[in-house]
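final_10.pdb, holding PDB, C-alpha atoms:
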```
ATOM      1  CA  MET A  16      16.575  15.292 -13.970
ATOM      2  CA  LEU A  17      17.458  12.809 -11.208
ATOM      3  CA  GLN A  18      14.844  10.357 -12.483
ATOM      4  CA  ALA A  19      16.204  10.601 -16.040
ATOM      5  CA  ALA A  20      19.741  10.004 -14.819
ATOM      6  CA  ARG A  21      18.608   7.001 -12.792
ATOM      7  CA  TYR A  22      16.889   5.571 -15.866
ATOM      8  CA  LEU A  23      19.946   6.029 -18.100
ATOM      9  CA  LEU A  24      22.281   4.531 -15.506
ATOM     10  CA  GLY A  25      19.897   1.732 -14.617
ATOM     11  CA  SER A  26      20.200   2.606 -10.934
ATOM     12  CA  PRO A  27      18.042   0.317  -8.776
ATOM     13  CA  GLY A  28      15.007   1.706  -6.986
ATOM     14  CA  ALA A  29      13.377   0.542  -3.770
ATOM     15  CA  SER A  30      12.719  -2.895  -5.254
ATOM     16  CA  GLY A  31      16.417  -3.441  -5.876
ATOM     17  CA  PHE A  32      15.867  -3.360  -9.640
ATOM     18  CA  GLY A  33      15.951  -0.644 -12.278
ATOM     19  CA  SER A  34      15.672   0.092 -15.993
ATOM     20  CA  LYS A  35      18.579  -2.197 -16.910
ATOM     21  CA  SER A  36      17.274  -5.226 -15.006
ATOM     22  CA  THR A  37      16.187  -8.184 -17.124
ATOM     23  CA  ALA A  38      13.329 -10.635 -16.795
ATOM     24  CA  GLU A  39      15.722 -13.428 -15.857
ATOM     25  CA  GLU A  40      17.311 -11.285 -13.156
ATOM     26  CA  VAL A  41      14.041 -10.314 -11.478
ATOM     27  CA  THR A  42      12.844 -13.929 -11.434
ATOM     28  CA  ALA A  43      16.088 -15.298 -10.000
ATOM     29  CA  ALA A  44      14.592 -15.056  -6.498
ATOM     30  CA  CYS A  45      11.833 -17.482  -7.512
ATOM     31  CA  PRO A  46      13.616 -20.068  -9.679
ATOM     32  CA  ASP A  47      11.003 -22.812  -9.312
ATOM     33  CA  LEU A  48       7.533 -21.854 -10.535
ATOM     34  CA  GLY A  49       6.578 -25.455 -11.223
ATOM     35  CA  SER A  50       3.269 -25.208  -9.387
ATOM     36  CA  LEU A  51       2.012 -22.229 -11.399
ATOM     37  CA  THR A  52      -0.083 -21.945 -14.551
ATOM     38  CA  ALA A  53       0.155 -18.688 -16.496
ATOM     39  CA  ILE A  54      -1.844 -17.343 -19.425
ATOM     40  CA  ILE A  55       0.121 -14.737 -21.396
ATOM     41  CA  THR A  56      -1.526 -12.908 -24.273
ATOM     42  CA  GLY A  57       0.624 -11.525 -27.065
ATOM     43  CA  ALA A  58       3.317 -14.096 -26.341
ATOM     44  CA  THR A  59       4.311 -14.902 -29.921
ATOM     45  CA  SER A  60       6.829 -12.054 -30.180
ATOM     46  CA  GLY A  61       8.487  -9.198 -28.308
ATOM     47  CA  ILE A  62       7.886  -8.628 -24.609
ATOM     48  CA  GLY A  63       5.226 -11.313 -24.338
ATOM     49  CA  ALA A  64       7.477 -13.936 -25.914
ATOM     50  CA  GLU A  65      10.291 -13.118 -23.495
ATOM     51  CA  THR A  66       7.861 -13.236 -20.571
ATOM     52  CA  ALA A  67       6.655 -16.657 -21.692
ATOM     53  CA  ARG A  68      10.206 -17.924 -22.210
ATOM     54  CA  VAL A  69      11.424 -16.839 -18.787
ATOM     55  CA  LEU A  70       8.394 -18.115 -16.873
ATOM     56  CA  ALA A  71       8.597 -21.445 -18.712
ATOM     57  CA  LYS A  72      12.315 -21.616 -17.938
ATOM     58  CA  ARG A  73      11.463 -21.135 -14.256
ATOM     59  CA  GLY A  74       9.064 -24.077 -14.461
ATOM     60  CA  ALA A  75       5.631 -22.499 -14.919
ATOM     61  CA  ARG A  76       3.072 -24.069 -17.217
ATOM     62  CA  VAL A  77       2.548 -21.430 -19.920
ATOM     63  CA  VAL A  78      -0.603 -21.037 -21.997
ATOM     64  CA  ILE A  79      -0.100 -19.034 -25.209
ATOM     65  CA  PRO A  80      -3.348 -17.758 -26.728
ATOM     66  CA  ALA A  81      -2.877 -16.333 -30.207
ATOM     67  CA  ARG A  82      -4.760 -15.296 -33.314
ATOM     68  CA  SER A  83      -2.127 -17.119 -35.361
ATOM     69  CA  VAL A  84      -1.866 -20.646 -33.997
ATOM     70  CA  LYS A  85       1.152 -21.232 -36.244
ATOM     71  CA  ALA A  86       3.025 -18.307 -34.671
ATOM     72  CA  ALA A  87       2.146 -19.650 -31.228
ATOM     73  CA  GLU A  88       3.318 -23.153 -32.166
ATOM     74  CA  ASP A  89       6.571 -21.667 -33.427
ATOM     75  CA  MET A  90       7.016 -19.899 -30.094
ATOM     76  CA  ARG A  91       6.248 -23.125 -28.266
ATOM     77  CA  ALA A  92       8.940 -24.877 -30.312
ATOM     78  CA  ARG A  93      11.487 -22.175 -29.438
ATOM     79  CA  ILE A  94      10.728 -22.532 -25.731
ATOM     80  CA  LEU A  95      10.973 -26.336 -25.895
ATOM     81  CA  ALA A  96      14.279 -26.096 -27.745
ATOM     82  CA  GLU A  97      15.714 -24.175 -24.783
ATOM     83  CA  CYS A  98      13.721 -25.925 -22.052
ATOM     84  CA  PRO A  99      12.870 -29.471 -23.232
ATOM     85  CA  GLY A 100      10.752 -30.205 -20.185
ATOM     86  CA  ALA A 101       8.611 -27.066 -20.449
ATOM     87  CA  ASP A 102       4.827 -27.357 -20.370
ATOM     88  CA  VAL A 103       3.483 -25.014 -23.056
ATOM     89  CA  LEU A 104      -0.088 -25.049 -24.322
ATOM     90  CA  VAL A 105      -1.325 -23.240 -27.437
ATOM     91  CA  LEU A 106      -4.932 -22.119 -27.911
ATOM     92  CA  HIS A 107      -6.607 -19.842 -30.452
ATOM     93  CA  LEU A 108      -7.671 -16.348 -29.381
ATOM     94  CA  ASP A 109      -8.481 -13.169 -31.288
ATOM     95  CA  LEU A 110      -8.757 -10.449 -28.654
ATOM     96  CA  SER A 111     -10.514  -8.058 -31.037
ATOM     97  CA  SER A 112     -13.466 -10.477 -31.170
ATOM     98  CA  LEU A 113     -15.562 -10.858 -28.039
ATOM     99  CA  ALA A 114     -16.959 -14.122 -29.436
ATOM    100  CA  SER A 115     -13.406 -15.448 -29.739
ATOM    101  CA  VAL A 116     -12.616 -14.369 -26.175
ATOM    102  CA  ARG A 117     -15.651 -16.280 -24.948
ATOM    103  CA  ALA A 118     -14.681 -19.350 -26.985
ATOM    104  CA  PHE A 119     -11.138 -19.272 -25.610
ATOM    105  CA  ALA A 120     -12.377 -18.970 -22.023
ATOM    106  CA  ARG A 121     -14.757 -21.915 -22.491
ATOM    107  CA  ARG A 122     -11.973 -24.004 -24.006
ATOM    108  CA  PHE A 123      -9.469 -23.202 -21.264
ATOM    109  CA  LEU A 124     -11.951 -23.735 -18.437
ATOM    110  CA  SER A 125     -12.991 -27.081 -19.940
ATOM    111  CA  LEU A 126      -9.409 -28.336 -19.515
ATOM    112  CA  GLY A 127      -9.800 -28.228 -15.739
ATOM    113  CA  LEU A 128      -6.435 -26.542 -15.250
ATOM    114  CA  PRO A 129      -5.676 -24.194 -12.348
ATOM    115  CA  LEU A 130      -4.882 -20.553 -13.126
ATOM    116  CA  HIS A 131      -2.455 -18.552 -11.022
ATOM    117  CA  LEU A 132      -1.244 -15.831 -13.393
ATOM    118  CA  LEU A 133      -3.044 -13.865 -16.083
ATOM    119  CA  ILE A 134      -0.769 -11.524 -18.013
ATOM    120  CA  ASN A 135      -2.729  -9.232 -20.315
ATOM    121  CA  ASN A 136       0.169  -8.265 -22.533
ATOM    122  CA  ALA A 137      -1.104  -8.226 -26.129
ATOM    123  CA  GLY A 138      -1.100  -4.821 -27.782
ATOM    124  CA  LYS A 139      -1.947  -3.326 -31.132
ATOM    125  CA  PHE A 140      -1.005  -0.007 -32.716
ATOM    126  CA  SER A 141      -3.222   0.628 -35.731
ATOM    127  CA  HIS A 142      -1.637   2.014 -38.861
ATOM    128  CA  GLY A 143      -3.660   3.985 -41.364
ATOM    129  CA  GLN A 144      -7.355   4.624 -41.183
ATOM    130  CA  LEU A 145     -10.005   3.839 -38.599
ATOM    131  CA  ALA A 146     -10.934   0.175 -38.309
ATOM    132  CA  LEU A 147     -13.766  -1.304 -36.263
ATOM    133  CA  SER A 148     -13.905  -4.750 -34.721
ATOM    134  CA  GLU A 149     -16.666  -7.200 -35.592
ATOM    135  CA  ASP A 150     -18.428  -5.872 -32.473
ATOM    136  CA  GLY A 151     -18.331  -2.293 -33.797
ATOM    137  CA  VAL A 152     -15.589  -1.127 -31.413
ATOM    138  CA  GLU A 153     -12.533   0.897 -32.472
ATOM    139  CA  MET A 154      -9.950  -1.811 -33.185
ATOM    140  CA  THR A 155      -7.125  -0.626 -30.924
ATOM    141  CA  PHE A 156      -9.461  -0.226 -27.949
ATOM    142  CA  ALA A 157     -11.078  -3.594 -28.699
ATOM    143  CA  THR A 158      -7.764  -5.440 -28.833
ATOM    144  CA  ASN A 159      -5.735  -3.690 -26.167
ATOM    145  CA  TYR A 160      -8.444  -3.217 -23.587
ATOM    146  CA  LEU A 161     -11.974  -4.554 -24.126
ATOM    147  CA  GLY A 162     -10.922  -8.088 -25.069
ATOM    148  CA  HIS A 163      -8.706  -8.239 -21.986
ATOM    149  CA  PHE A 164     -11.515  -6.836 -19.823
ATOM    150  CA  LEU A 165     -13.833  -9.674 -20.860
ATOM    151  CA  LEU A 166     -11.075 -12.284 -20.695
ATOM    152  CA  THR A 167     -10.264 -11.278 -17.128
ATOM    153  CA  LYS A 168     -13.921 -11.414 -16.069
ATOM    154  CA  LEU A 169     -14.404 -14.869 -17.564
ATOM    155  CA  LEU A 170     -11.242 -16.340 -16.003
ATOM    156  CA  LEU A 171     -11.388 -14.642 -12.621
ATOM    157  CA  GLY A 172     -13.574 -17.320 -11.072
ATOM    158  CA  ARG A 173     -10.949 -19.963 -11.859
ATOM    159  CA  MET A 174      -8.228 -17.729 -10.430
ATOM    160  CA  VAL A 175     -10.136 -17.224  -7.174
ATOM    161  CA  GLU A 176     -10.816 -20.971  -6.924
ATOM    162  CA  THR A 177      -7.166 -21.796  -7.589
ATOM    163  CA  ALA A 178      -5.937 -19.375  -4.939
ATOM    164  CA  ALA A 179      -8.363 -20.768  -2.372
ATOM    165  CA  ALA A 180      -7.476 -24.391  -3.165
ATOM    166  CA  THR A 181      -3.692 -23.989  -3.334
ATOM    167  CA  GLY A 182      -2.982 -21.118  -0.957
ATOM    168  CA  VAL A 183      -1.004 -19.453  -3.731
ATOM    169  CA  GLN A 184      -2.083 -15.880  -4.385
ATOM    170  CA  GLY A 185      -3.290 -15.228  -7.919
ATOM    171  CA  ARG A 186      -1.848 -12.299  -9.853
ATOM    172  CA  ILE A 187      -3.144 -10.362 -12.833
ATOM    173  CA  VAL A 188      -0.789  -8.076 -14.735
ATOM    174  CA  ASN A 189      -2.097  -5.512 -17.220
ATOM    175  CA  VAL A 190       0.573  -4.209 -19.578
ATOM    176  CA  SER A 191      -0.058  -0.522 -20.237
ATOM    177  CA  SER A 192       2.316   2.272 -21.274
ATOM    178  CA  SER A 193       3.379   5.730 -20.174
ATOM    179  CA  VAL A 194       1.622   6.816 -23.375
ATOM    180  CA  HIS A 195      -1.596   6.608 -21.337
ATOM    181  CA  GLY A 196      -0.696  10.100 -20.133
ATOM    182  CA  TRP A 197      -0.854  11.491 -23.664
ATOM    183  CA  PHE A 198      -4.662  11.508 -23.514
ATOM    184  CA  SER A 199      -6.375  13.851 -21.077
ATOM    185  CA  GLY A 200      -9.840  14.300 -22.567
ATOM    186  CA  ASP A 201     -13.050  12.347 -22.099
ATOM    187  CA  TRP A 202     -12.370   8.813 -23.323
ATOM    188  CA  ALA A 203     -16.076   8.024 -23.762
ATOM    189  CA  ASP A 204     -16.686  11.075 -25.956
ATOM    190  CA  TYR A 205     -13.553  10.311 -27.946
ATOM    191  CA  LEU A 206     -14.581   6.708 -28.650
ATOM    192  CA  GLN A 207     -18.088   7.740 -29.633
ATOM    193  CA  LEU A 208     -16.916  10.533 -31.948
ATOM    194  CA  VAL A 209     -14.138   8.569 -33.613
ATOM    195  CA  THR A 210     -16.331   5.495 -34.122
ATOM    196  CA  ARG A 211     -18.988   7.629 -35.800
ATOM    197  CA  ARG A 212     -16.283   9.342 -37.855
ATOM    198  CA  LYS A 213     -17.163  12.738 -36.399
ATOM    199  CA  ILE A 214     -13.483  13.501 -35.766
ATOM    200  CA  PRO A 215     -10.329  12.501 -37.665
ATOM    201  CA  TYR A 216      -8.755   9.221 -36.649
ATOM    202  CA  ASP A 217      -5.415   9.549 -34.871
ATOM    203  CA  ALA A 218      -3.678   6.224 -34.234
ATOM    204  CA  THR A 219      -1.553   7.593 -31.406
ATOM    205  CA  GLN A 220      -4.578   9.024 -29.606
ATOM    206  CA  ALA A 221      -6.426   5.742 -30.021
ATOM    207  CA  TYR A 222      -3.470   3.860 -28.556
ATOM    208  CA  ALA A 223      -3.226   6.295 -25.641
ATOM    209  CA  VAL A 224      -6.944   5.857 -24.859
ATOM    210  CA  SER A 225      -6.556   2.063 -24.818
ATOM    211  CA  LYS A 226      -3.554   2.293 -22.477
ATOM    212  CA  LEU A 227      -5.422   4.710 -20.199
ATOM    213  CA  ALA A 228      -8.222   2.149 -20.071
ATOM    214  CA  ASN A 229      -5.716  -0.522 -18.959
ATOM    215  CA  VAL A 230      -4.698   1.618 -15.979
ATOM    216  CA  LEU A 231      -8.274   2.487 -15.023
ATOM    217  CA  HIS A 232      -9.262  -1.169 -15.334
ATOM    218  CA  THR A 233      -6.484  -2.098 -12.917
ATOM    219  CA  LYS A 234      -7.652   0.497 -10.404
ATOM    220  CA  GLU A 235     -11.284  -0.600 -10.411
ATOM    221  CA  LEU A 236     -10.545  -4.320 -10.474
ATOM    222  CA  ALA A 237      -8.187  -4.013  -7.510
ATOM    223  CA  ALA A 238     -10.930  -2.321  -5.489
ATOM    224  CA  ARG A 239     -13.487  -4.981  -6.424
ATOM    225  CA  LEU A 240     -11.126  -7.831  -5.589
ATOM    226  CA  GLN A 241     -10.478  -6.300  -2.185
ATOM    227  CA  GLU A 242     -14.212  -5.941  -1.555
ATOM    228  CA  MET A 243     -14.688  -9.617  -2.500
ATOM    229  CA  GLY A 244     -11.922 -10.732  -0.185
ATOM    230  CA  ALA A 245     -10.371 -12.616  -3.105
ATOM    231  CA  ASP A 246      -6.760 -13.733  -2.780
ATOM    232  CA  VAL A 247      -5.961 -12.284  -6.200
ATOM    233  CA  THR A 248      -4.074  -9.084  -6.968
ATOM    234  CA  VAL A 249      -3.900  -6.940 -10.080
ATOM    235  CA  ASN A 250      -1.234  -4.467 -11.082
ATOM    236  CA  CYS A 251      -0.390  -2.459 -14.174
ATOM    237  CA  VAL A 252       3.034  -2.005 -15.766
ATOM    238  CA  HIS A 253       4.833   0.274 -18.194
ATOM    239  CA  PRO A 254       7.479  -1.911 -19.869
ATOM    240  CA  GLY A 255       9.550   1.001 -21.160
ATOM    241  CA  ILE A 256      10.530   2.135 -24.621
ATOM    242  CA  VAL A 257      11.539  -0.796 -26.776
ATOM    243  CA  ARG A 258      11.451  -1.382 -30.501
ATOM    244  CA  THR A 259       8.977  -4.247 -30.708
ATOM    245  CA  ARG A 260       6.788  -5.292 -33.632
ATOM    246  CA  LEU A 261       4.341  -2.537 -32.641
ATOM    247  CA  ASN A 262       6.722   0.139 -33.876
ATOM    248  CA  ARG A 263       8.966  -1.900 -36.192
ATOM    249  CA  ASP A 264       6.029  -1.934 -38.590
ATOM    250  CA  ARG A 265       6.435   1.807 -38.970
ATOM    251  CA  GLU A 266       9.572   1.620 -41.109
ATOM    252  CA  GLY A 267      10.987   4.643 -42.875
ATOM    253  CA  LEU A 268      13.787   7.188 -42.761
ATOM    254  CA  VAL A 269      12.145   9.360 -40.096
ATOM    255  CA  THR A 270      11.295   6.386 -37.879
ATOM    256  CA  ASP A 271      14.781   4.941 -38.204
ATOM    257  CA  LEU A 272      16.355   8.318 -37.438
ATOM    258  CA  VAL A 273      14.218   8.738 -34.322
ATOM    259  CA  PHE A 274      15.247   5.317 -33.030
ATOM    260  CA  VAL A 275      18.920   6.060 -33.673
ATOM    261  CA  LEU A 276      18.614   9.280 -31.673
ATOM    262  CA  LEU A 277      16.731   7.479 -28.901
ATOM    263  CA  SER A 278      18.980   4.424 -28.870
ATOM    264  CA  LYS A 279      20.325   5.228 -25.403
ATOM    265  CA  LEU A 280      16.788   5.329 -24.043
ATOM    266  CA  LEU A 281      15.589   2.093 -25.644
ATOM    267  CA  LYS A 282      15.392  -1.073 -23.607
ATOM    268  CA  THR A 283      16.256  -4.505 -24.854
ATOM    269  CA  ILE A 284      13.351  -6.929 -24.914
ATOM    270  CA  PRO A 285      14.694  -8.835 -21.855
ATOM    271  CA  GLN A 286      14.819  -5.505 -19.991
ATOM    272  CA  ALA A 287      11.334  -4.531 -21.186
ATOM    273  CA  ALA A 288       9.875  -7.823 -19.923
ATOM    274  CA  ALA A 289      11.405  -7.356 -16.476
ATOM    275  CA  THR A 290       8.628  -5.256 -14.926
ATOM    276  CA  THR A 291       5.934  -7.672 -16.134
ATOM    277  CA  CYS A 292       7.788 -10.624 -14.637
ATOM    278  CA  TYR A 293       8.492  -8.710 -11.430
ATOM    279  CA  ALA A 294       4.800  -7.925 -10.970
ATOM    280  CA  ALA A 295       3.803 -11.490 -11.855
ATOM    281  CA  VAL A 296       6.070 -13.563  -9.630
ATOM    282  CA  HIS A 297       8.449 -11.620  -7.393
ATOM    283  CA  PRO A 298       7.928 -12.268  -3.656
ATOM    284  CA  ARG A 299       7.961  -8.525  -2.886
ATOM    285  CA  MET A 300       4.734  -8.109  -4.876
ATOM    286  CA  ALA A 301       2.792 -10.473  -2.609
ATOM    287  CA  GLY A 302      -0.367  -8.704  -1.457
ATOM    288  CA  VAL A 303       0.375  -5.594  -3.528
ATOM    289  CA  SER A 304      -2.556  -4.563  -5.716
ATOM    290  CA  GLY A 305      -3.820  -1.630  -7.755
ATOM    291  CA  ARG A 306      -0.339  -0.224  -8.407
ATOM    292  CA  TYR A 307       1.313   1.136 -11.543
ATOM    293  CA  LEU A 308       4.912   0.019 -12.020
ATOM    294  CA  ALA A 309       7.772   1.145 -14.255
ATOM    295  CA  ASP A 310      11.322  -0.211 -14.155
ATOM    296  CA  CYS A 311      10.172  -2.708 -11.485
ATOM    297  CA  ASN A 312       9.228   0.089  -9.070
ATOM    298  CA  GLU A 313       6.005   1.889  -8.247
ATOM    299  CA  ALA A 314       5.460   4.965 -10.420
ATOM    300  CA  LEU A 315       2.919   7.736 -10.832
ATOM    301  CA  THR A 316       0.106   7.607 -13.362
ATOM    302  CA  SER A 317      -1.439  10.565 -15.139
ATOM    303  CA  SER A 318      -4.115  12.475 -13.231
ATOM    304  CA  ALA A 319      -6.776  11.056 -15.572
ATOM    305  CA  ALA A 320      -5.686   7.514 -14.692
ATOM    306  CA  ALA A 321      -5.857   8.186 -10.940
ATOM    307  CA  SER A 322      -9.615   8.840 -10.831
ATOM    308  CA  ARG A 323     -11.664   6.117  -9.100
ATOM    309  CA  SER A 324     -14.866   7.629 -10.497
ATOM    310  CA  GLU A 325     -13.523   7.384 -14.049
ATOM    311  CA  ALA A 326     -12.406   3.823 -13.370
ATOM    312  CA  ALA A 327     -15.917   2.904 -12.216
ATOM    313  CA  ARG A 328     -17.417   4.711 -15.216
ATOM    314  CA  LEU A 329     -15.177   2.793 -17.622
ATOM    315  CA  TRP A 330     -16.113  -0.489 -15.948
ATOM    316  CA  GLN A 331     -19.830   0.141 -16.422
ATOM    317  CA  SER A 332     -19.317   1.242 -20.016
ATOM    318  CA  SER A 333     -17.285  -1.903 -20.673
ATOM    319  CA  GLU A 334     -20.036  -4.039 -19.160
ATOM    320  CA  ASP A 335     -22.513  -2.404 -21.515
ATOM    321  CA  MET A 336     -20.275  -3.069 -24.531
ATOM    322  CA  ILE A 337     -19.729  -6.750 -23.787
ATOM    323  CA  CYS A 338     -23.401  -7.310 -22.949
ATOM    324  CA  ALA A 339     -24.402  -5.784 -26.287
ATOM    325  CA  SER A 340     -22.219  -8.335 -28.073
ATOM    326  CA  SER A 341     -23.998 -11.436 -26.745
ATOM    327  CA  SER A 342     -27.584 -12.596 -26.355
ATOM    328  CA  GLN A 343     -26.616 -14.719 -23.345
ATOM    329  CA  PRO A 344     -25.237 -13.277 -20.091
ATOM    330  CA  ASP A 345     -21.634 -14.196 -19.314
ATOM    331  CA  ARG A 346     -20.984 -16.397 -16.294
ATOM    332  CA  ASN A 347     -18.527 -14.576 -14.056
ATOM    333  CA  ILE A 348     -18.110 -13.587 -10.443
ATOM    334  CA  ILE A 349     -17.438  -9.884 -10.749
TER
END
```

Do you think you could lay out the structure here as C-alpha cells?
Amino acid sequence: MLQAARYLLGSPGASGFGSKSTAEEVTAACPDLGSLTAIITGATSGIGAETARVLAKRGARVVIPARSVKAAEDMRARILAECPGADVLVLHLDLSSLASVRAFARRFLSLGLPLHLLINNAGKFSHGQLALSEDGVEMTFATNYLGHFLLTKLLLGRMVETAAATGVQGRIVNVSSSVHGWFSGDWADYLQLVTRRKIPYDATQAYAVSKLANVLHTKELAARLQEMGADVTVNCVHPGIVRTRLNRDREGLVTDLVFVLLSKLLKTIPQAAATTCYAAVHPRMAGVSGRYLADCNEALTSSAAASRSEAARLWQSSEDMICASSSQPDRNII
C-alpha cells in the first residue's frame, strides 16, 4: 500500500527521484554529455525518442538505428529543430534479423567512433497470430531480446576500448518491464512449444518471456563484465506504464476504457524515459551494475529473474541460436 501511494504521489526514493520525475530532470546533474556517444534502439518514437532527444540536448552524439530509415531521419530532424548543433547519426537496423544486426555492427564499427552508452530500448508486442523471424525465432523474442543480445556482444569490444582510452565508464541499459513477472514457467520449453505450434500463441506471454530474458541477460552480462575487469556496467529498467505505440496499436472500446480507468497510473513519455536516462548517465549510477530499476530506484525482480543459473542457461541458449544463424563465428570479446 505504501509503495502504491508513493508511486501515485511521485514521492522520491533513495535516488532523490520518483515516478513523476522526467528525463530532463534526472539528467540536469549532468548537463554536458558532449564527450559521449550513445546508440539507442527504438528511438523513432515513444520512450526511445524522448531518451534520444534529451541525451542529444545534453550534448551526446546520438546514433539512431532503425528498420525505417525515414522514421529515423524524421526523428533526427525533430532533434535538430530543437537542438541545431546536435550530432545525430542514422543507420539501418532490423533487430528481428540477426544478419541485419551483424551488418549494423560492421557499419558502426567501420566509422571508428567511440561508444560509451548502449541503450537497448526497442520493443515489440505482436498482435494476432504467431510469427517467426527469418532466423526461425518467435518474433517478439527475436526483436526484444535476441537481436539486442547479439548487438551487445558485437559492440562490447568497442565499449571496453572506449572506456579504457577515455577513462569514462561505459554503460549498457536494457529496457525491460514489470511484465517479466507475468511468466513463471520454463522459458526454453515455452519457446520450443510455441515455435513448433504445440501450444496456442499468447502475445502477452510471448512479451513477458522476452522481458524476462532482458532481465536475465542483464544479470549474466554484469557477472561476466565483472570477471573481465571491464569498466562497463549494465543495468535493466522498468519504464512504467505508458501508452506508447506498443499499446496504442490495440485500439478499441475495451482498450480505451482500460486506459481511462488507469489514467492516474499512466506515466507521460518524459516520465517513462526518466529511469532509462538515470541509469545511462546519472553520476549516482557510476560503478553500479546488474541492478533492476523502476522509477529511478532499485526494485525487486520476479523470483524467476533472480536466478543466476537461469541467466547462464539463457546465455548459452542464446549463443546457440546466434551461432546457428551464421556460417562464420562472430568476433566478440565475451

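The two atoms in question, atom CA of A:Gln286 and atom CA of A:Asp109, are spaced 27.0 Å apart.
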
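Evaluated against this file, the PyMOL selection byres ((chain A and resi 161) around 9) yields Leu110, Ser111, Leu113, Val152, Phe156, Ala157, Thr158, Asn159, Tyr160, Gly162, His163, Phe164, Leu165, Leu166, Ser225, Ala228, Ser333, Met336 and Ile337 of chain A.
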
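With all atoms listed in the file as the atoms that count, the minimum distance from A:Ser317 to the choices A:Gly302, A:Gly244, A:Pro254, A:Gly200 is reached by A:Gly200.
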
Output of the PyMOL selection byres ((chain A and resi 291-301) around 7), listed as a VMD selection string: chain A and resid 38 41 to 42 45 66 132 186 188 250 252 288 to 290 302 to 303 311

I'd like to know which of A:Gly151, A:Asn189, A:Ala321, A:Asp246 is closest to A:Gly172, using only C-alpha atoms. A:Asp246

Write out as a PyMOL selection string which residues come within 8 Å of stretch 215-218 of chain A when counting only C-alpha atoms, dropping same-chain ones fewer than 2 positions away. chain A and resi 140-145+209+212-213+220-222

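If you measure from each of A:Arg73, A:Glu40, A:Phe123, A:His107 to A:Glu88 using all atoms listed in the file, the closest one turns out to be A:His107.
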
Given the point (-21.7, -10.0, -32.3) in the coordinates of this file, which residues lie within 12 Å, counting all atoms listed in the file, and how would they look as an MDAnalysis selection string? chainID A and resid 111:117 148:152 336:343

I'd like the neighbourhood of stretch 233-243 of chain A as JSON, numbers by chain, where a residue qualifies if any of its atoms comes within 8 Å (using all atoms listed in the file), though same-chain residues fewer than 5 positions away should be ignored. {"A": [189, 248, 249, 250, 251, 304, 305, 306, 321, 323, 326, 327, 330, 349]}

Residue subset to file, keeping C-alpha atoms, as a PDB file, in the frame of the given file:
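This went into selection21.pdb:
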```pdb
ATOM      1  CA  ASN A 189      -2.097  -5.512 -17.220  1.00  0.00           C
ATOM      2  CA  THR A 248      -4.074  -9.084  -6.968  1.00  0.00           C
ATOM      3  CA  VAL A 249      -3.900  -6.940 -10.080  1.00  0.00           C
ATOM      4  CA  ASN A 250      -1.234  -4.467 -11.082  1.00  0.00           C
ATOM      5  CA  CYS A 251      -0.390  -2.459 -14.174  1.00  0.00           C
ATOM      6  CA  SER A 304      -2.556  -4.563  -5.716  1.00  0.00           C
ATOM      7  CA  GLY A 305      -3.820  -1.630  -7.755  1.00  0.00           C
ATOM      8  CA  ARG A 306      -0.339  -0.224  -8.407  1.00  0.00           C
ATOM      9  CA  ALA A 321      -5.857   8.186 -10.940  1.00  0.00           C
ATOM     10  CA  ARG A 323     -11.664   6.117  -9.100  1.00  0.00           C
ATOM     11  CA  ALA A 326     -12.406   3.823 -13.370  1.00  0.00           C
ATOM     12  CA  ALA A 327     -15.917   2.904 -12.216  1.00  0.00           C
ATOM     13  CA  TRP A 330     -16.113  -0.489 -15.948  1.00  0.00           C
ATOM     14  CA  ILE A 349     -17.438  -9.884 -10.749  1.00  0.00           C
TER      15      ILE A 349
END
```

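Here, the PyMOL selection byres ((chain A and resi 53) around 9) matches A:Leu51, A:Thr52, A:Ile54, A:Ile55, A:Ala67, A:Leu70, A:Ala75, A:Arg76, A:Val77, A:Val78, A:Ile79, A:Leu130, A:His131, A:Leu132, A:Leu133, A:Ile134.
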
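Between atom CA of A:Leu169 and atom CA of A:Asp345 the interatomic distance comes to 7.5 Å.
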
For a quick check of understanding, using only C-alpha atoms, which of A:Ala179, A:Ala287, A:Leu281, A:Ala58 has the smallest distance to A:Asn136? A:Ala58

Will you model N, CA, C and O atoms for stretch 244-250 of chain A and pass it back as a tab-separated table (two decimals), keeping the file's coordinate frame?
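The result, written out as part-v3.tsv:
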```tsv
chain	number	residue	atom	x	y	z
A	244	GLY	N	-12.78	-9.95	-1.04
A	244	GLY	CA	-11.92	-10.73	-0.18
A	244	GLY	C	-11.18	-11.82	-0.95
A	244	GLY	O	-10.73	-12.81	-0.37
A	245	ALA	N	-11.04	-11.63	-2.27
A	245	ALA	CA	-10.37	-12.62	-3.10
A	245	ALA	C	-8.86	-12.54	-2.92
A	245	ALA	O	-8.30	-11.44	-2.79
A	246	ASP	N	-8.22	-13.69	-2.92
A	246	ASP	CA	-6.76	-13.73	-2.78
A	246	ASP	C	-6.11	-13.63	-4.17
A	246	ASP	O	-5.35	-14.50	-4.60
A	247	VAL	N	-6.46	-12.56	-4.85
A	247	VAL	CA	-5.96	-12.28	-6.20
A	247	VAL	C	-5.62	-10.80	-6.27
A	247	VAL	O	-6.41	-9.96	-5.81
A	248	THR	N	-4.47	-10.48	-6.81
A	248	THR	CA	-4.07	-9.08	-6.97
A	248	THR	C	-4.04	-8.72	-8.44
A	248	THR	O	-4.00	-9.59	-9.31
A	249	VAL	N	-4.04	-7.42	-8.71
A	249	VAL	CA	-3.90	-6.94	-10.08
A	249	VAL	C	-3.05	-5.68	-10.07
A	249	VAL	O	-3.24	-4.80	-9.24
A	250	ASN	N	-2.09	-5.63	-10.95
A	250	ASN	CA	-1.23	-4.47	-11.08
A	250	ASN	C	-1.01	-4.17	-12.56
A	250	ASN	O	-1.24	-5.01	-13.43
```
